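Visitor: The file below is model-v5.csv, CSV, C-alpha atoms and all ligand atoms:
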```
chain,number,residue,atom,x,y,z
C,1,MET,CA,-37.5,18.2,16.2
C,2,THR,CA,-34.4,17.5,14.1
C,3,VAL,CA,-31.5,15.6,15.7
C,4,GLU,CA,-28.1,16.6,14.4
C,5,PRO,CA,-25.8,13.7,15.3
C,6,THR,CA,-23.0,15.3,13.4
C,7,THR,CA,-22.6,18.1,15.9
C,8,THR,CA,-21.8,15.7,18.7
C,9,ALA,CA,-19.7,13.2,16.8
C,10,ALA,CA,-15.9,13.2,17.2
C,11,ARG,CA,-14.0,14.9,14.5
C,12,LEU,CA,-11.0,13.5,12.6
C,13,ILE,CA,-9.5,17.0,12.4
C,14,ASP,CA,-9.2,17.0,16.2
C,15,ARG,CA,-6.8,14.1,16.1
C,16,GLN,CA,-3.1,14.9,16.1
C,17,PRO,CA,-1.2,11.6,16.0
C,18,GLY,CA,2.4,11.8,17.2
C,19,MET,CA,4.3,8.6,16.5
C,20,THR,CA,7.9,8.0,17.6
C,21,ALA,CA,10.5,6.3,15.5
C,22,ALA,CA,10.1,3.3,17.8
C,23,GLU,CA,6.3,3.2,17.2
C,24,LEU,CA,6.8,3.4,13.5
C,25,VAL,CA,9.3,0.5,13.6
C,26,GLY,CA,7.1,-1.5,16.0
C,27,HIS,CA,4.3,-1.3,13.4
C,28,LEU,CA,6.1,-3.2,10.8
C,29,SER,CA,3.9,-6.3,10.3
C,30,PRO,CA,1.0,-7.1,8.0
C,31,PRO,CA,-2.3,-5.3,8.5
C,32,PRO,CA,-4.9,-7.3,10.5
C,33,GLN,CA,-6.9,-8.2,7.4
C,34,PHE,CA,-3.8,-10.1,6.1
C,35,ALA,CA,-3.1,-11.9,9.4
C,36,THR,CA,-4.2,-15.2,7.9
C,37,ALA,CA,-3.2,-14.6,4.3
C,38,SER,CA,-1.4,-17.7,3.0
C,39,LEU,CA,-0.3,-19.1,-0.4
C,40,GLU,CA,-2.9,-21.9,0.3
C,41,ASN,CA,-5.9,-19.6,0.7
C,42,TYR,CA,-5.0,-17.5,-2.3
C,43,VAL,CA,-7.4,-18.8,-5.0
C,44,PRO,CA,-5.9,-18.2,-8.4
C,45,ASP,CA,-8.3,-17.1,-11.1
C,46,GLU,CA,-8.0,-19.8,-13.8
C,47,ARG,CA,-8.6,-17.2,-16.5
C,48,TYR,CA,-5.3,-15.5,-15.6
C,49,PRO,CA,-2.5,-18.1,-15.5
C,50,SER,CA,-0.1,-15.5,-14.1
C,51,GLN,CA,-1.9,-15.8,-10.7
C,52,ALA,CA,-1.0,-19.4,-10.2
C,53,ALA,CA,2.4,-18.7,-11.5
C,54,ALA,CA,2.8,-15.9,-8.9
C,55,VAL,CA,2.0,-18.3,-6.1
C,56,GLU,CA,4.7,-20.7,-7.4
C,57,ALA,CA,7.1,-17.8,-7.7
C,58,MET,CA,6.5,-17.0,-4.0
C,59,ARG,CA,6.9,-20.6,-3.0
C,60,ALA,CA,10.2,-20.8,-4.9
C,61,PHE,CA,11.4,-17.5,-3.3
C,62,VAL,CA,10.9,-18.9,0.2
C,63,ASN,CA,12.6,-22.2,-0.7
C,64,GLU,CA,15.6,-20.4,-2.2
C,65,SER,CA,16.2,-18.6,1.1
C,66,THR,CA,16.1,-21.9,3.1
C,67,ALA,CA,18.0,-24.1,0.5
C,68,PRO,CA,21.4,-25.2,1.7
C,69,ALA,CA,24.3,-23.8,-0.4
C,70,ARG,CA,25.3,-26.3,-3.1
C,71,GLY,CA,28.5,-28.2,-2.5
C,72,LEU,CA,31.6,-27.4,-4.5
C,73,PHE,CA,31.7,-30.7,-6.3
C,74,SER,CA,27.9,-31.1,-6.7
C,75,ARG,CA,27.2,-32.8,-10.0
C,76,LYS,CA,24.0,-30.9,-10.6
C,77,PRO,CA,24.4,-28.0,-13.0
C,78,THR,CA,24.6,-24.7,-11.2
C,79,ALA,CA,21.2,-23.0,-11.2
C,80,PRO,CA,21.2,-19.4,-12.4
C,81,VAL,CA,21.9,-17.2,-9.3
C,82,ALA,CA,18.6,-16.2,-7.9
C,83,LYS,CA,18.1,-12.5,-7.4
C,84,PRO,CA,17.8,-11.3,-3.8
C,85,GLY,CA,14.5,-9.6,-4.5
C,86,VAL,CA,11.1,-10.4,-5.9
C,87,TYR,CA,8.8,-7.7,-7.2
C,88,LEU,CA,5.0,-8.3,-7.7
C,89,ASP,CA,3.8,-6.0,-10.4
C,90,GLY,CA,0.0,-5.9,-11.1
C,91,GLY,CA,-3.3,-4.1,-11.2
C,92,PHE,CA,-5.6,-3.3,-8.3
C,93,GLY,CA,-7.0,-6.0,-6.1
C,94,VAL,CA,-5.3,-8.9,-7.7
C,95,GLY,CA,-4.0,-10.1,-4.4
C,96,LYS,CA,-0.4,-8.6,-4.4
C,97,THR,CA,-0.6,-7.6,-0.7
C,98,HIS,CA,-2.1,-11.0,0.1
C,99,LEU,CA,0.8,-12.8,-1.5
C,100,LEU,CA,3.3,-10.5,0.1
C,101,ALA,CA,1.8,-11.1,3.6
C,102,ALA,CA,1.8,-14.8,2.8
C,103,LEU,CA,5.5,-14.7,2.0
C,104,TRP,CA,6.2,-12.8,5.2
C,105,HIS,CA,4.2,-15.4,7.3
C,106,ARG,CA,6.2,-18.2,5.7
C,107,THR,CA,9.6,-16.6,6.3
C,108,ARG,CA,11.5,-17.4,9.4
C,109,GLY,CA,13.8,-15.1,11.3
C,110,ARG,CA,13.8,-11.4,11.8
C,111,LYS,CA,11.4,-10.0,9.2
C,112,TYR,CA,9.6,-6.7,8.5
C,113,PHE,CA,6.4,-5.8,6.6
C,114,GLY,CA,5.5,-2.2,5.7
C,115,THR,CA,4.4,0.1,3.0
C,116,PHE,CA,7.0,2.0,1.0
C,117,ILE,CA,5.9,5.2,2.7
C,118,GLU,CA,6.4,3.6,6.2
C,119,TYR,CA,10.0,2.7,5.3
C,120,THR,CA,10.8,6.2,4.0
C,121,ALA,CA,9.3,7.7,7.1
C,122,ILE,CA,11.4,5.5,9.3
C,123,VAL,CA,14.5,6.5,7.4
C,124,GLY,CA,13.4,10.1,8.0
C,125,ALA,CA,12.8,9.5,11.7
C,126,LEU,CA,15.8,7.4,12.6
C,127,GLY,CA,18.3,8.8,10.1
C,128,TYR,CA,19.8,6.8,7.3
C,129,ARG,CA,22.7,5.2,9.2
C,130,GLU,CA,20.5,4.1,12.1
C,131,ALA,CA,17.8,2.8,9.8
C,132,VAL,CA,20.4,0.6,8.0
C,133,ALA,CA,21.7,-0.6,11.3
C,134,HIS,CA,18.2,-1.5,12.4
C,135,PHE,CA,17.2,-3.5,9.3
C,136,ARG,CA,20.5,-5.0,8.2
C,137,GLY,CA,20.7,-8.8,8.3
C,138,ALA,CA,17.0,-9.2,8.4
C,139,SER,CA,15.8,-12.3,6.6
C,140,LEU,CA,13.0,-10.5,4.8
C,141,ILE,CA,12.1,-6.9,4.1
C,142,ALA,CA,8.6,-6.8,2.6
C,143,ILE,CA,7.7,-3.5,1.0
C,144,ASP,CA,4.1,-3.0,0.0
C,145,GLU,CA,3.2,-0.3,-2.6
C,146,PHE,CA,6.6,0.4,-3.9
C,147,GLU,CA,6.6,3.8,-5.7
C,148,LEU,CA,9.1,6.4,-6.4
C,149,ASP,CA,7.5,9.8,-6.1
C,150,ASP,CA,10.6,12.0,-6.1
C,151,PRO,CA,14.4,12.0,-6.5
C,152,GLY,CA,14.9,11.9,-2.8
C,153,ASP,CA,13.1,8.5,-2.4
C,154,THR,CA,14.9,7.2,-5.4
C,155,MET,CA,18.4,8.0,-4.0
C,156,VAL,CA,17.6,6.8,-0.5
C,157,MET,CA,15.9,3.6,-1.6
C,158,SER,CA,18.5,2.5,-4.1
C,159,ARG,CA,21.2,3.0,-1.5
C,160,LEU,CA,19.3,1.4,1.4
C,161,LEU,CA,18.3,-1.7,-0.5
C,162,GLY,CA,21.8,-2.0,-1.8
C,163,GLU,CA,23.2,-2.1,1.7
C,164,LEU,CA,20.5,-4.4,3.0
C,165,VAL,CA,21.0,-6.9,0.2
C,166,ALA,CA,24.8,-6.8,0.9
C,167,SER,CA,24.0,-7.7,4.5
C,168,GLY,CA,22.2,-10.8,3.3
C,169,SER,CA,18.6,-9.5,3.5
C,170,ARG,CA,16.1,-10.5,0.9
C,171,ILE,CA,13.5,-8.0,-0.4
C,172,ALA,CA,10.0,-8.5,-1.6
C,173,ALA,CA,8.0,-5.7,-3.0
C,174,THR,CA,4.6,-5.0,-4.6
C,175,SER,CA,3.7,-2.2,-6.9
C,176,ASN,CA,1.3,-1.1,-9.6
C,177,THR,CA,4.3,-0.1,-11.7
C,178,PRO,CA,6.9,-2.3,-13.3
C,179,PRO,CA,10.3,-1.6,-11.7
C,180,HIS,CA,12.0,-0.1,-14.7
C,181,ALA,CA,9.2,2.3,-15.2
C,182,LEU,CA,9.2,3.6,-11.6
C,183,GLY,CA,9.1,7.4,-11.4
C,184,GLU,CA,7.8,7.9,-14.9
C,185,GLY,CA,5.6,10.9,-15.3
C,186,ARG,CA,6.2,12.0,-11.7
C,187,PHE,CA,9.6,13.6,-11.8
C,188,ALA,CA,12.5,13.8,-14.2
C,189,ALA,CA,13.0,10.0,-13.9
C,190,GLN,CA,15.4,10.0,-16.9
C,191,ASP,CA,17.9,11.9,-14.7
C,192,PHE,CA,17.9,9.0,-12.2
C,193,LEU,CA,18.0,6.1,-14.6
C,194,ARG,CA,21.2,4.7,-13.1
C,195,GLU,CA,19.6,4.5,-9.6
C,196,ILE,CA,16.3,3.3,-10.9
C,197,HIS,CA,17.9,0.5,-12.9
C,198,ALA,CA,20.3,-0.5,-10.1
C,199,LEU,CA,17.2,-0.8,-7.9
C,200,ALA,CA,15.1,-2.7,-10.5
C,201,ASP,CA,18.0,-5.1,-11.2
C,202,ARG,CA,17.9,-6.5,-7.7
C,203,PHE,CA,14.4,-7.9,-8.3
C,204,THR,CA,12.9,-10.8,-10.3
C,205,THR,CA,9.7,-9.3,-11.6
C,206,VAL,CA,6.5,-11.3,-11.3
C,207,ARG,CA,3.6,-9.9,-13.2
C,208,ILE,CA,0.1,-10.6,-12.0
C,209,ASP,CA,-2.9,-10.0,-14.2
C,210,GLY,CA,-6.5,-10.2,-13.3
C,211,GLU,CA,-9.6,-8.4,-12.2
C,212,ASP,CA,-10.1,-6.5,-9.0
C,213,TYR,CA,-11.0,-9.1,-6.4
C,214,ARG,CA,-12.8,-6.5,-4.4
C,215,LYS,CA,-15.1,-6.0,-7.4
C,216,ARG,CA,-15.8,-9.6,-8.0
C,217,ASP,CA,-19.0,-9.5,-5.9
C,218,ILE,CA,-19.9,-5.9,-5.6
C,219,GLU,CA,-21.4,-3.2,-7.7
C,220,GLY,CA,-18.5,-1.0,-8.9
C,221,HIS,CA,-19.7,2.3,-7.3
C,222,ALA,CA,-19.0,4.2,-4.2
C,223,VAL,CA,-22.2,4.9,-2.3
C,224,SER,CA,-23.2,8.5,-1.8
C,225,LEU,CA,-25.8,8.9,1.0
C,226,THR,CA,-28.5,11.5,1.4
C,227,PRO,CA,-28.1,13.6,4.6
C,228,GLU,CA,-30.9,11.5,6.3
C,229,GLN,CA,-29.2,8.2,5.3
C,230,PHE,CA,-25.9,9.6,6.5
C,231,ALA,CA,-27.3,10.6,9.9
C,232,ALA,CA,-28.8,7.2,10.3
C,233,ARG,CA,-25.5,5.4,9.4
C,234,ILE,CA,-23.5,7.5,11.8
C,235,ALA,CA,-26.0,6.9,14.5
C,236,ALA,CA,-25.8,3.2,13.9
C,237,GLU,CA,-22.1,3.1,14.4
C,238,THR,CA,-21.6,2.0,17.9
C,239,ALA,CA,-18.0,3.1,18.6
C,240,GLY,CA,-15.1,4.9,17.0
C,241,VAL,CA,-16.7,7.2,14.4
C,242,THR,CA,-15.8,10.7,13.3
C,243,VAL,CA,-17.7,13.2,11.2
C,244,ASP,CA,-16.1,16.0,9.2
C,245,PRO,CA,-16.7,18.0,6.1
C,246,PHE,CA,-14.5,16.5,3.3
C,247,ARG,CA,-12.9,19.8,2.7
C,248,ASP,CA,-11.8,20.1,6.4
C,249,VAL,CA,-10.3,16.6,6.2
C,250,LEU,CA,-8.2,17.6,3.2
C,251,ARG,CA,-7.0,20.6,5.1
C,252,HIS,CA,-6.1,18.6,8.1
C,253,LEU,CA,-4.2,16.0,6.1
C,254,ALA,CA,-1.8,18.7,5.0
C,255,THR,CA,-0.8,19.2,8.7
C,256,VAL,CA,0.0,15.5,9.4
C,257,HIS,CA,2.8,13.5,7.7
C,258,PRO,CA,1.3,10.6,5.7
C,259,SER,CA,3.4,8.1,7.6
C,260,ARG,CA,1.3,9.1,10.7
C,261,TYR,CA,-2.1,8.7,9.0
C,262,VAL,CA,-2.1,5.3,10.6
C,263,GLY,CA,-2.2,7.0,14.0
C,264,LEU,CA,-4.8,9.4,12.8
C,265,ILE,CA,-7.4,6.7,12.2
C,266,SER,CA,-6.4,4.2,14.8
C,267,GLY,CA,-9.3,2.9,16.9
C,268,LEU,CA,-11.9,4.1,14.4
C,269,ASP,CA,-14.6,1.8,13.0
C,270,ALA,CA,-15.9,4.3,10.5
C,271,ILE,CA,-15.5,7.9,9.3
C,272,GLY,CA,-18.1,10.2,8.0
C,273,LEU,CA,-17.3,12.6,5.2
C,274,THR,CA,-19.9,15.3,4.3
C,275,ASP,CA,-20.1,17.3,1.1
C,276,VAL,CA,-17.5,15.3,-0.8
C,277,GLU,CA,-16.4,17.2,-3.9
C,278,VAL,CA,-14.2,16.7,-6.9
C,279,LEU,CA,-10.5,17.3,-6.0
C,280,SER,CA,-8.9,20.4,-7.4
C,281,ASN,CA,-5.3,19.7,-6.9
C,282,GLN,CA,-2.8,16.9,-7.0
C,283,THR,CA,-1.4,17.4,-3.5
C,284,ASP,CA,-4.8,17.0,-1.9
C,285,ALA,CA,-5.4,14.0,-4.2
C,286,LEU,CA,-2.1,12.3,-3.1
C,287,ARG,CA,-2.9,12.9,0.6
C,288,LEU,CA,-6.3,11.4,0.1
C,289,VAL,CA,-4.8,8.4,-1.5
C,290,ALA,CA,-2.5,7.9,1.5
C,291,LEU,CA,-5.4,8.2,3.9
C,292,VAL,CA,-7.5,5.7,1.9
C,293,ASP,CA,-4.6,3.3,2.0
C,294,ARG,CA,-4.6,3.4,5.8
C,295,LEU,CA,-8.4,3.2,6.0
C,296,TYR,CA,-8.3,0.2,3.8
C,297,ASP,CA,-5.6,-1.6,5.8
C,298,ALA,CA,-7.6,-1.0,8.9
C,299,GLN,CA,-10.9,-1.7,7.2
C,300,VAL,CA,-12.5,1.5,8.5
C,301,ARG,CA,-15.9,2.1,6.8
C,302,ILE,CA,-16.6,5.3,5.0
C,303,HIS,CA,-20.0,7.0,5.0
C,304,ALA,CA,-20.2,9.9,2.7
C,305,THR,CA,-22.5,12.6,1.2
C,306,GLY,CA,-21.9,14.6,-1.9
C,307,VAL,CA,-20.0,13.5,-5.0
C,308,PRO,CA,-19.6,9.7,-4.9
C,309,LEU,CA,-16.0,8.9,-3.8
C,310,ASP,CA,-15.2,7.1,-7.0
C,311,GLN,CA,-15.7,10.3,-8.9
C,312,VAL,CA,-13.4,12.7,-6.9
C,313,PHE,CA,-10.4,12.3,-9.2
C,314,PRO,CA,-11.0,14.5,-12.3
C,315,GLU,CA,-10.1,13.3,-15.8
C,316,GLU,CA,-7.0,15.5,-16.0
C,317,MET,CA,-5.6,13.9,-12.9
C,318,LEU,CA,-6.4,10.4,-14.1
C,319,ALA,CA,-4.5,11.2,-17.3
C,320,GLY,CA,-1.2,11.9,-15.4
C,321,GLY,CA,1.6,10.0,-13.8
C,322,TYR,CA,-0.4,9.1,-10.7
C,323,ARG,CA,-3.2,7.4,-12.6
C,324,LYS,CA,-2.7,4.0,-11.1
C,325,LYS,CA,-2.5,5.4,-7.6
C,326,TYR,CA,-5.8,7.2,-8.1
C,327,LEU,CA,-7.5,4.1,-9.6
C,328,ARG,CA,-6.2,2.0,-6.7
C,329,ALA,CA,-7.7,4.5,-4.2
C,330,THR,CA,-11.0,4.5,-6.1
C,331,SER,CA,-11.1,0.7,-6.0
C,332,ARG,CA,-10.5,0.8,-2.2
C,333,MET,CA,-13.1,3.6,-1.6
C,334,ILE,CA,-15.7,1.5,-3.5
C,335,ALA,CA,-14.9,-1.4,-1.2
C,336,LEU,CA,-15.1,0.7,2.0
C,337,THR,CA,-18.3,2.5,1.2
C,338,THR,CA,-20.4,-0.5,0.2
C,339,ALA,CA,-20.2,-2.3,3.4
X,1,LIG,N1,-7.0,-14.8,-5.6
X,1,LIG,C1,-7.4,-14.5,-4.3
X,1,LIG,N2,-7.8,-15.4,-3.5
X,1,LIG,C2,-8.2,-15.1,-2.2
X,1,LIG,N3,-8.3,-13.8,-1.8
X,1,LIG,C3,-7.9,-12.9,-2.6
X,1,LIG,C4,-7.4,-13.1,-3.9
X,1,LIG,N4,-7.1,-12.0,-4.5
X,1,LIG,C5,-7.3,-11.0,-3.6
X,1,LIG,N5,-7.8,-11.5,-2.5
X,1,LIG,C6,-8.3,-10.8,-1.3
X,1,LIG,O1,-8.9,-9.6,-1.8
X,1,LIG,C7,-8.5,-8.5,-1.1
X,1,LIG,C8,-7.7,-7.5,-2.0
X,1,LIG,O2,-6.5,-8.1,-2.3
X,1,LIG,P1,-5.1,-7.4,-2.1
X,1,LIG,O3,-5.3,-6.2,-1.1
X,1,LIG,O4,-4.1,-8.3,-1.7
X,1,LIG,O5,-4.9,-6.8,-3.6
X,1,LIG,P2,-3.7,-5.9,-4.1
X,1,LIG,O6,-3.3,-6.4,-5.4
X,1,LIG,O7,-2.7,-5.7,-3.0
X,1,LIG,O8,-4.6,-4.5,-4.4
X,1,LIG,P3,-4.0,-3.0,-4.4
X,1,LIG,O9,-3.6,-2.7,-5.8
X,1,LIG,O10,-5.3,-2.3,-4.0
X,1,LIG,O11,-3.0,-2.9,-3.3
X,1,LIG,C9,-7.7,-9.0,0.1
X,1,LIG,O12,-8.6,-9.2,1.2
X,1,LIG,C10,-7.2,-10.3,-0.4
X,1,LIG,O13,-7.0,-11.2,0.7
X,2,MG,MG,-2.0,-4.0,-2.0
```
Using structure tokens, write down the structure that the file contains.
Guide:
Amino acid sequence: MTVEPTTTAARLIDRQPGMTAAELVGHLSPPPQFATASLENYVPDERYPSQAAAVEAMRAFVNESTAPARGLFSRKPTAPVAKPGVYLDGGFGVGKTHLLAALWHRTRGRKYFGTFIEYTAIVGALGYREAVAHFRGASLIAIDEFELDDPGDTMVMSRLLGELVASGSRIAATSNTPPHALGEGRFAAQDFLREIHALADRFTTVRIDGEDYRKRDIEGHAVSLTPEQFAARIAAETAGVTVDPFRDVLRHLATVHPSRYVGLISGLDAIGLTDVEVLSNQTDALRLVALVDRLYDAQVRIHATGVPLDQVFPEEMLAGGYRKKYLRATSRMIALTTA
């Protein structure tokens, strides 16, 4: 007798998360896996001096915000005016989010931590004016995975950050792209150079080099299971597991706004994806990236059959403007499938 656990398992495609603006705003703190991230438990790789330098830059950034204003007749020479923002630019898995969360934990006062996509979703849900009213005056706005995918984001973010900085807020961001190169290869970024440069100029850029920390200990491949292994893995999951064909998941993702993917996967320990195949279009690929980001934040395991998940982005996609995004998702899927 063959047992088909997949027919009884819950399906991801049956989940329809609705999240109110209040829920989106309420979610603005570091993901659980960064709950204890600190500057002290970040271990800089000695082979890459920029890592230790980044820790120091974070420390200095917090100290600047708490330093008393210098007196008018102070004899000390005036230090160059520190910028209101710090921008961590680096490759995958070098600890950018860790450092951003550490900065957030260290900062006092009203503070927020979210991904770029969460902030844009909140602006969409609340409306621009209400979003400004909500965030203004905060001591820290931490923005993980800063990316400009289209002109709309570019206009909204350059304006929003301008207003927040004017209200006294300080901004910290992470990205796989240096600030002046944001948008390149994705849209006609040259038409928005004024906004992109205005945005970039608010930040001191801190470049972090290094190897993917997630790959320090593991084989760099996503595990693809045989149907038998897959069934066994799913059966071994005690709670919160879904099983769907990969193709159905891609179709479902198209019906949910990416800012709500966090609700889509909430409460799950693992997801099962059957018959994974190479992606054939960029829209699906970008949605998968957004899903993987949320799975990674929540440390939801992936069990999969078919094409190994580190091979779903075809060469021509990897050659385009979203290359870094795809590589980041690959690194994360490798981490989530090996466990
Ligand atoms: N130098 C380090 N010392 C201690 N832990 C680290 C270090 N670098 C990374 N980590 C840990 O490795 C994991 C991956 O790091 P993190 O997610 O911060 O990298 P990232 O640069 O944000 O990657 P991505 O480009 O995928 O967003 C996290 O659990 C983080 O706490
Ligand atoms: Mg990160």
Visitor: Just the number, please: distance in Å from CA of Leu250 in chain C to CA of Leu126 in chain C, one decimal.
Guide: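 Rounded to one decimal, the two atoms are 27.7 Å apart.
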Visitor: Just checking: using all atoms listed in the file, which residue out of C:Ala188, C:Val206, C:Ala138, C:Leu39 ends up closest to Ser65 in chain C?
Guide: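 Residue with the minimum atom-to-atom distance to Ser65 in chain C: C:Ala138.
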Visitor: Mind dumping a table of every chain C residue within 9 Å of ligand MG 2 (chain X), with the nearest atom pair and its distance in Å to one decimal, using all atoms listed in the file, sorted by chain and rising number, as JSON lines?
Guide:
```
{"residue": "C:Phe92", "atom": "CA", "partner": "X:MG2", "partner_atom": "MG", "distance": 7.3}
{"residue": "C:Gly93", "atom": "CA", "partner": "X:MG2", "partner_atom": "MG", "distance": 6.8}
{"residue": "C:Val94", "atom": "CA", "partner": "X:MG2", "partner_atom": "MG", "distance": 8.2}
{"residue": "C:Gly95", "atom": "CA", "partner": "X:MG2", "partner_atom": "MG", "distance": 6.9}
{"residue": "C:Lys96", "atom": "CA", "partner": "X:MG2", "partner_atom": "MG", "distance": 5.4}
{"residue": "C:Thr97", "atom": "CA", "partner": "X:MG2", "partner_atom": "MG", "distance": 4.1}
{"residue": "C:His98", "atom": "CA", "partner": "X:MG2", "partner_atom": "MG", "distance": 7.3}
{"residue": "C:Leu100", "atom": "CA", "partner": "X:MG2", "partner_atom": "MG", "distance": 8.6}
{"residue": "C:Asp144", "atom": "CA", "partner": "X:MG2", "partner_atom": "MG", "distance": 6.5}
{"residue": "C:Glu145", "atom": "CA", "partner": "X:MG2", "partner_atom": "MG", "distance": 6.4}
{"residue": "C:Thr174", "atom": "CA", "partner": "X:MG2", "partner_atom": "MG", "distance": 7.2}
{"residue": "C:Ser175", "atom": "CA", "partner": "X:MG2", "partner_atom": "MG", "distance": 7.7}
{"residue": "C:Asn176", "atom": "CA", "partner": "X:MG2", "partner_atom": "MG", "distance": 8.8}
{"residue": "C:Asp293", "atom": "CA", "partner": "X:MG2", "partner_atom": "MG", "distance": 8.7}
{"residue": "C:Asp297", "atom": "CA", "partner": "X:MG2", "partner_atom": "MG", "distance": 8.9}
{"residue": "C:Arg328", "atom": "CA", "partner": "X:MG2", "partner_atom": "MG", "distance": 8.7}
```
Visitor: How about saving the chosen residues, C-alpha atoms kept, as a PDB file, in the coordinates of the input?
Guide:
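Generated output (selection13.pdb):
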```
ATOM      1  CA  PHE C  92      -5.600  -3.300  -8.300  1.00  0.00           C
ATOM      2  CA  GLY C  93      -7.000  -6.000  -6.100  1.00  0.00           C
ATOM      3  CA  VAL C  94      -5.300  -8.900  -7.700  1.00  0.00           C
ATOM      4  CA  GLY C  95      -4.000 -10.100  -4.400  1.00  0.00           C
ATOM      5  CA  LYS C  96      -0.400  -8.600  -4.400  1.00  0.00           C
ATOM      6  CA  THR C  97      -0.600  -7.600  -0.700  1.00  0.00           C
ATOM      7  CA  HIS C  98      -2.100 -11.000   0.100  1.00  0.00           C
ATOM      8  CA  LEU C 100       3.300 -10.500   0.100  1.00  0.00           C
ATOM      9  CA  ASP C 144       4.100  -3.000   0.000  1.00  0.00           C
ATOM     10  CA  GLU C 145       3.200  -0.300  -2.600  1.00  0.00           C
ATOM     11  CA  THR C 174       4.600  -5.000  -4.600  1.00  0.00           C
ATOM     12  CA  SER C 175       3.700  -2.200  -6.900  1.00  0.00           C
ATOM     13  CA  ASN C 176       1.300  -1.100  -9.600  1.00  0.00           C
ATOM     14  CA  ASP C 293      -4.600   3.300   2.000  1.00  0.00           C
ATOM     15  CA  ASP C 297      -5.600  -1.600   5.800  1.00  0.00           C
ATOM     16  CA  ARG C 328      -6.200   2.000  -6.700  1.00  0.00           C
TER      17      ARG C 328
END
```
Visitor: Could you please extract the residues within 10 Å of ligand LIG 1 (chain X), counting all atoms listed in the file, and hand them back as a PyMOL selection string?
Guide: chain C and resi 33-46+51-52+55+88-102+144-145+174-176+208-216+293+296-297+299+324-325+327-332+335
Visitor: In Å, rounded to a single decimal, give me how far CA of Val241 in chain C is from CA of Thr305 in chain C.
Guide: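 CA of Val241 in chain C lies at a distance of 15.4 Å from CA of Thr305 in chain C.
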